[in-house]
Amino acid sequence: MGPDMTSRTLIVSAAQLGPIPASARRAETLERLIKLLEGAAKEGTQLVVFPEAALTPFFPHWLVRDEDELHSYYEKDLPGPDTQALFDAALELQVSFVLGYAERTEDERLFNTAALVDEHGKVIHRYRKIHLPGFQTVQEKAPFQNLEKRYFEVGDLGFGVQPWRNTKIGLAICNDRRWAETYRVLAIGGAEIVCLGYNTPASTPHLPESDALVNFQNHLSMQAGAYQNSMWVIGTAKAGTEEGVNQIGGSAVIAPSGEILAVAKTLGDELVTTEIDLDMVTRYRREIFNFAQHRRPEHYRSIARPLS
Ligand code: CDT
């Protein structure tokens, strides 16, 4: 018997990265990514998801005073001279990947971006982060910063959905995963897989009461998004202590049932690989979250009416 052409199973990998020191050369970092891509290909993976800002340390964690240093964290072209080798590896290995990076456009606009690159090494979709957390200005008393609002504009591409193989993929980035709208808009657009990367500190200086819950809330957000929208979620961390900031790991592949199918064990470079069944999306969307039959947006506006 030949291969089952109707099968909608895929093998996917969250390619978690450990910290990237500010002193690392881009070529060294790229070698780490290529090694993960090769490892994933050996495991039979078709789709690899790298973290947010996977080519650099997460520089919004500090105030960058030097303009040349700041510009060194952004990519003007993707692929460009520093990243071409990763695209070549994808083509050779026939693996698609999602890469988070800081984008500097031709007209000097700055975005926190993710690209979906197909198995031919071509960028087929881009997403620019919409829910930027943090501040424009330095928080004097904080042990570290989140200056995403200073270094990036709010994404201007919306939540697009990209056909890929026999499914549809949506992208999101880090803080987006905490917002219900992210998954709902992507689900309404037909996405069956949401790929997202994150850089999440293990503590939140302005809300210390949440520190003990940071790993729980990471998975809670992605599991709720997956279940309430019948989709697969692949979430990938940049983990470990990076430039003095401790970041969580917990990279995971989450099913439309809300279950975590595979999860990272370390805070370093690690592949989290598993098989996913896209028909599970179809079943959950048919039998439980059937938007056409049960969702009632026309009734969601609250109308103040006296109770009789
Ligand atoms: N990179 C990023 O978006 N980080 C944020 C930190 C906010 S802490 C609640 C995140 O949502 O993980």
# chains A, B, ... in the order shown; residues from 1 in each chain; ligands from 1
$ residues_around --residues "Gly250 in chain A" --least-positions-apart "2" --cutoff "9 Å" --atoms "only C-alpha atoms" --output "MDAnalysis selection string"
chainID A and resid 16 215 218:219 235:237 239 248 252 263:267
$ closest_atom_pairs --of "range 165-218 of chain A" --to "range 44-62 of chain A" --cutoff "8 Å" --atoms "only C-alpha atoms" --output "CSV"
residue,atom,partner,partner_atom,distance
A:Ile173,CA,A:Glu52,CA,6.3
A:Cys174,CA,A:Glu52,CA,6.8
A:Cys195,CA,A:Val49,CA,6.6
A:Leu196,CA,A:Pro51,CA,7.1
A:Gly197,CA,A:Pro51,CA,3.8
A:Tyr198,CA,A:Glu52,CA,4.9
A:Asn199,CA,A:Glu52,CA,6.4
$ write_last_selection --atoms "N, CA and C atoms" --output "compact mmCIF listing (two decimals), in the first residue's frame"
# COMPACT_ATOMS: atom_id res chain seq x y z
N ILE A 173 2.79 36.65 18.20
CA ILE A 173 4.09 36.83 18.86
C ILE A 173 3.89 37.15 20.33
N CYS A 174 4.46 36.34 21.15
CA CYS A 174 4.59 36.51 22.59
C CYS A 174 3.33 37.06 23.27
N CYS A 195 1.26 29.55 15.26
CA CYS A 195 2.67 29.43 15.64
C CYS A 195 3.08 30.73 16.30
N LEU A 196 3.69 30.61 17.47
CA LEU A 196 4.10 31.83 18.17
C LEU A 196 5.37 31.58 18.95
N GLY A 197 6.17 32.63 19.04
CA GLY A 197 7.39 32.57 19.84
C GLY A 197 7.30 33.59 20.96
N TYR A 198 8.06 33.36 22.03
CA TYR A 198 7.99 34.31 23.14
C TYR A 198 9.33 34.47 23.87
N ASN A 199 9.45 35.66 24.50
CA ASN A 199 10.54 35.98 25.44
C ASN A 199 9.83 36.47 26.69
$ closest_residue --among "A:Gln217, A:Gln139, A:Thr83, A:Thr105" --to "Leu63 in chain A" --atoms "only C-alpha atoms"
A:Gln139
$ closest_residue --among "A:Leu157, A:Leu213, A:Val123, A:Ala41" --to "ligand 1" --atoms "only C-alpha atoms and all ligand atoms"
A:Leu213
$ closest_residue --among "A:Glu31, A:Glu38, A:Glu209, A:Glu92" --to "ligand 1" --atoms "only C-alpha atoms and all ligand atoms"
A:Glu209
$ closest_residue --among "A:Lys141, A:Arg177, A:Arg285, A:Arg301" --to "Ile234 in chain A" --atoms "only C-alpha atoms"
A:Arg177
$ residues_around --residues "Ala85 in chain A" --least-positions-apart "6" --cutoff "9 Å" --atoms "only C-alpha atoms" --output "PyMOL selection string"
chain A and resi 30-31+34+79
$ residues_around --residues "Asn146 in chain A" --least-positions-apart "4" --cutoff "12 Å" --atoms "only C-alpha atoms" --output "list of chain:residue names"
A:Phe58, A:Phe59, A:Pro60, A:His61, A:Trp62, A:Leu63, A:Val64, A:Leu132, A:Pro133, A:Gly134, A:Phe135, A:Gln136, A:Thr137, A:Val138, A:Gln139, A:Glu140, A:Ala142, A:Arg150, A:Tyr151, A:Phe152, A:Asn175, A:Asn199, A:Thr200, A:Pro201, A:Ser203, A:Thr204, A:Pro205, A:His206, A:Val245
$ write_last_selection --atoms "C-alpha atoms" --output "PDB file, in the first residue's frame"
ATOM      1  CA  PHE A  58      15.702  40.396  23.594  1.00  0.00           C
ATOM      2  CA  PHE A  59      17.066  43.974  23.523  1.00  0.00           C
ATOM      3  CA  PRO A  60      13.818  45.651  24.738  1.00  0.00           C
ATOM      4  CA  HIS A  61      14.959  44.443  28.154  1.00  0.00           C
ATOM      5  CA  TRP A  62      17.370  47.367  28.330  1.00  0.00           C
ATOM      6  CA  LEU A  63      17.873  50.935  27.116  1.00  0.00           C
ATOM      7  CA  VAL A  64      20.122  50.894  24.079  1.00  0.00           C
ATOM      8  CA  LEU A 132       3.223  45.273  22.275  1.00  0.00           C
ATOM      9  CA  PRO A 133       3.667  45.137  26.057  1.00  0.00           C
ATOM     10  CA  GLY A 134       5.856  47.401  28.151  1.00  0.00           C
ATOM     11  CA  PHE A 135       6.704  51.074  27.981  1.00  0.00           C
ATOM     12  CA  GLN A 136       8.090  53.910  25.823  1.00  0.00           C
ATOM     13  CA  THR A 137      10.263  55.185  28.620  1.00  0.00           C
ATOM     14  CA  VAL A 138      12.662  53.649  31.116  1.00  0.00           C
ATOM     15  CA  GLN A 139      11.082  52.517  34.374  1.00  0.00           C
ATOM     16  CA  GLU A 140      13.641  53.808  36.831  1.00  0.00           C
ATOM     17  CA  ALA A 142      12.603  48.240  37.566  1.00  0.00           C
ATOM     18  CA  ARG A 150       9.910  52.406  22.254  1.00  0.00           C
ATOM     19  CA  TYR A 151      11.578  50.073  19.765  1.00  0.00           C
ATOM     20  CA  PHE A 152       8.625  48.898  17.678  1.00  0.00           C
ATOM     21  CA  ASN A 175       2.210  38.919  24.381  1.00  0.00           C
ATOM     22  CA  ASN A 199      10.543  35.979  25.441  1.00  0.00           C
ATOM     23  CA  THR A 200       8.868  35.972  28.838  1.00  0.00           C
ATOM     24  CA  PRO A 201      10.647  37.067  31.997  1.00  0.00           C
ATOM     25  CA  SER A 203       9.139  37.854  37.017  1.00  0.00           C
ATOM     26  CA  THR A 204       6.981  40.896  36.326  1.00  0.00           C
ATOM     27  CA  PRO A 205       8.408  43.820  38.314  1.00  0.00           C
ATOM     28  CA  HIS A 206       5.159  45.845  38.243  1.00  0.00           C
ATOM     29  CA  VAL A 245      17.013  38.543  32.777  1.00  0.00           C
TER      30      VAL A 245
END
$ residues_around --residues "Ala191 in chain A" --least-positions-apart "3" --cutoff "6 Å" --atoms "only C-alpha atoms" --output "PyMOL selection string"
chain A and resi 161+168-170+186-187
$ write_last_selection --atoms "all heavy atoms" --output "mmCIF file, in the first residue's frame"
data_model
loop_
_atom_site.group_PDB
_atom_site.id
_atom_site.type_symbol
_atom_site.label_atom_id
_atom_site.label_comp_id
_atom_site.auth_asym_id
_atom_site.auth_seq_id
_atom_site.Cartn_x
_atom_site.Cartn_y
_atom_site.Cartn_z
ATOM 1 N N VAL A 161 -4.005 34.924 7.673
ATOM 2 C CA VAL A 161 -3.977 33.450 7.695
ATOM 3 C C VAL A 161 -3.401 32.983 6.365
ATOM 4 O O VAL A 161 -3.824 33.452 5.308
ATOM 5 C CB VAL A 161 -5.405 32.897 7.928
ATOM 6 C CG1 VAL A 161 -5.442 31.398 7.712
ATOM 7 C CG2 VAL A 161 -5.870 33.254 9.337
ATOM 8 N N LYS A 168 -3.995 25.692 7.120
ATOM 9 C CA LYS A 168 -3.821 27.155 7.146
ATOM 10 C C LYS A 168 -3.156 27.529 8.457
ATOM 11 O O LYS A 168 -3.544 27.042 9.528
ATOM 12 C CB LYS A 168 -5.175 27.857 7.040
ATOM 13 C CG LYS A 168 -5.756 27.790 5.650
ATOM 14 C CD LYS A 168 -7.028 28.597 5.555
ATOM 15 C CE LYS A 168 -7.598 28.487 4.147
ATOM 16 N NZ LYS A 168 -9.003 28.904 4.108
ATOM 17 N N ILE A 169 -2.175 28.432 8.347
ATOM 18 C CA ILE A 169 -1.375 28.814 9.503
ATOM 19 C C ILE A 169 -1.604 30.283 9.841
ATOM 20 O O ILE A 169 -1.690 31.128 8.955
ATOM 21 C CB ILE A 169 0.126 28.570 9.206
ATOM 22 C CG1 ILE A 169 0.394 27.058 9.127
ATOM 23 C CG2 ILE A 169 1.038 29.227 10.242
ATOM 24 C CD1 ILE A 169 1.840 26.685 8.904
ATOM 25 N N GLY A 170 -1.700 30.566 11.144
ATOM 26 C CA GLY A 170 -1.711 31.950 11.617
ATOM 27 C C GLY A 170 -0.505 32.151 12.515
ATOM 28 O O GLY A 170 -0.051 31.219 13.192
ATOM 29 N N LEU A 186 -7.842 34.676 14.243
ATOM 30 C CA LEU A 186 -7.163 33.698 13.376
ATOM 31 C C LEU A 186 -8.081 32.511 13.074
ATOM 32 O O LEU A 186 -8.101 32.012 11.951
ATOM 33 C CB LEU A 186 -5.855 33.232 14.023
ATOM 34 C CG LEU A 186 -4.739 34.290 14.061
ATOM 35 C CD1 LEU A 186 -3.559 33.802 14.906
ATOM 36 C CD2 LEU A 186 -4.263 34.650 12.645
ATOM 37 N N ALA A 187 -8.853 32.084 14.073
ATOM 38 C CA ALA A 187 -9.774 30.952 13.853
ATOM 39 C C ALA A 187 -10.866 31.344 12.856
ATOM 40 O O ALA A 187 -11.211 30.565 11.956
ATOM 41 C CB ALA A 187 -10.401 30.509 15.175
#
$ atom_distance --atom1 "CA of Leu261 in chain A" --atom2 "CA of Val233 in chain A"
10.3 Å
$ select_by_dssp --residues "range 64-179 of chain A" --states "strand (DSSP E or B)" --output "VMD selection string"
chain A and resid 74 to 75 96 to 104 110 to 117 123 to 128 161 to 164 167 to 173
$ closest_residue --among "A:Glu148, A:Glu270, A:Asp279, A:Glu181" --to "ligand 1" --atoms "only C-alpha atoms and all ligand atoms"
A:Glu148
$ select_by_dssp --residues "range 53-292 of chain A" --states "helix (DSSP H, G or I)" --output "PyMOL selection string"
chain A and resi 59-61+67-72+84-93+148-151+174-178+180-188+208-229+279-287+291-292
$ closest_residue --among "A:Phe87, A:Trp179, A:Tyr284, A:Tyr74" --to "ligand 1" --atoms "only C-alpha atoms and all ligand atoms"
A:Trp179
$ atom_distance --atom1 "CA of Thr29 in chain A" --atom2 "CA of Glu103 in chain A"
17.1 Å
$ residues_around --residues "Met231 in chain A" --least-positions-apart "4" --cutoff "8 Å" --atoms "only C-alpha atoms" --output "PDB file with N, CA and C atoms, in the first residue's frame"
ATOM      1  N   ALA A 187      -8.853  32.084  14.073  1.00  0.00           N
ATOM      2  CA  ALA A 187      -9.774  30.952  13.853  1.00  0.00           C
ATOM      3  C   ALA A 187     -10.866  31.344  12.856  1.00  0.00           C
ATOM      4  N   ALA A 191      -7.538  29.632  10.359  1.00  0.00           N
ATOM      5  CA  ALA A 191      -6.259  29.030  10.769  1.00  0.00           C
ATOM      6  C   ALA A 191      -6.505  27.747  11.568  1.00  0.00           C
ATOM      7  N   GLU A 192      -5.703  26.736  11.277  1.00  0.00           N
ATOM      8  CA  GLU A 192      -5.767  25.475  12.031  1.00  0.00           C
ATOM      9  C   GLU A 192      -4.556  25.323  12.957  1.00  0.00           C
ATOM     10  N   ILE A 193      -3.519  26.056  12.655  1.00  0.00           N
ATOM     11  CA  ILE A 193      -2.313  26.030  13.495  1.00  0.00           C
ATOM     12  C   ILE A 193      -1.933  27.479  13.783  1.00  0.00           C
ATOM     13  N   VAL A 194      -1.660  27.766  15.052  1.00  0.00           N
ATOM     14  CA  VAL A 194      -1.101  29.073  15.407  1.00  0.00           C
ATOM     15  C   VAL A 194       0.333  28.851  15.881  1.00  0.00           C
ATOM     16  N   GLY A 225      -6.595  29.323  24.328  1.00  0.00           N
ATOM     17  CA  GLY A 225      -6.718  29.743  22.925  1.00  0.00           C
ATOM     18  C   GLY A 225      -6.929  28.550  22.013  1.00  0.00           C
ATOM     19  N   ALA A 226      -6.178  27.483  22.278  1.00  0.00           N
ATOM     20  CA  ALA A 226      -6.276  26.278  21.441  1.00  0.00           C
ATOM     21  C   ALA A 226      -7.666  25.658  21.574  1.00  0.00           C
ATOM     22  N   TYR A 227      -8.119  25.473  22.813  1.00  0.00           N
ATOM     23  CA  TYR A 227      -9.395  24.795  23.039  1.00  0.00           C
ATOM     24  C   TYR A 227     -10.580  25.624  22.542  1.00  0.00           C
ATOM     25  N   ALA A 255      -2.917  20.815  21.760  1.00  0.00           N
ATOM     26  CA  ALA A 255      -3.939  20.278  20.868  1.00  0.00           C
ATOM     27  C   ALA A 255      -5.236  21.091  20.955  1.00  0.00           C
ATOM     28  N   PRO A 256      -6.136  20.908  19.971  1.00  0.00           N
ATOM     29  CA  PRO A 256      -7.449  21.575  20.029  1.00  0.00           C
ATOM     30  C   PRO A 256      -8.260  21.165  21.259  1.00  0.00           C
ATOM     31  N   VAL A 281      -8.875  19.314  14.539  1.00  0.00           N
ATOM     32  CA  VAL A 281      -9.455  20.665  14.387  1.00  0.00           C
ATOM     33  C   VAL A 281     -10.854  20.531  13.795  1.00  0.00           C
TER      34      VAL A 281
END
$ residues_around --residues "Leu78 in chain A" --least-positions-apart "6" --cutoff "12 Å" --atoms "only C-alpha atoms" --output "list in words"
Leu55, Gln84, Ala85, Leu86, Phe87, Leu99, Gly100, Tyr101, Ala102, Glu103, Arg104, Thr105, Glu106, Thr113, Ala114, Ala115, Leu116, Val117, Gly121, Lys122, Val123, Ile124, His125 and Arg126 of chain A
$ write_last_selection --atoms "C-alpha atoms" --output "JSON list (two decimals), in the first residue's frame"
[["chain", "number", "residue", "atom", "x", "y", "z"],
["A", 55, "LEU", "CA", 18.43, 36.12, 16.01],
["A", 84, "GLN", "CA", 20.70, 33.23, 4.03],
["A", 85, "ALA", "CA", 22.32, 30.05, 5.40],
["A", 86, "LEU", "CA", 19.18, 29.22, 7.40],
["A", 87, "PHE", "CA", 17.03, 29.58, 4.28],
["A", 99, "LEU", "CA", 11.24, 32.86, 12.55],
["A", 100, "GLY", "CA", 10.77, 35.80, 14.90],
["A", 101, "TYR", "CA", 13.02, 38.81, 14.25],
["A", 102, "ALA", "CA", 13.24, 42.58, 14.63],
["A", 103, "GLU", "CA", 12.36, 44.15, 11.26],
["A", 104, "ARG", "CA", 13.58, 47.48, 9.89],
["A", 105, "THR", "CA", 11.72, 48.34, 6.69],
["A", 106, "GLU", "CA", 13.04, 50.27, 3.69],
["A", 113, "THR", "CA", 7.93, 40.46, 13.19],
["A", 114, "ALA", "CA", 7.56, 36.75, 12.44],
["A", 115, "ALA", "CA", 7.95, 35.20, 8.99],
["A", 116, "LEU", "CA", 6.68, 31.86, 7.71],
["A", 117, "VAL", "CA", 9.21, 30.33, 5.33],
["A", 121, "GLY", "CA", 13.14, 28.60, 1.46],
["A", 122, "LYS", "CA", 10.65, 31.32, 0.42],
["A", 123, "VAL", "CA", 8.98, 33.78, 2.81],
["A", 124, "ILE", "CA", 5.28, 33.16, 2.22],
["A", 125, "HIS", "CA", 3.78, 35.13, 5.10],
["A", 126, "ARG", "CA", 4.67, 37.86, 7.57]]
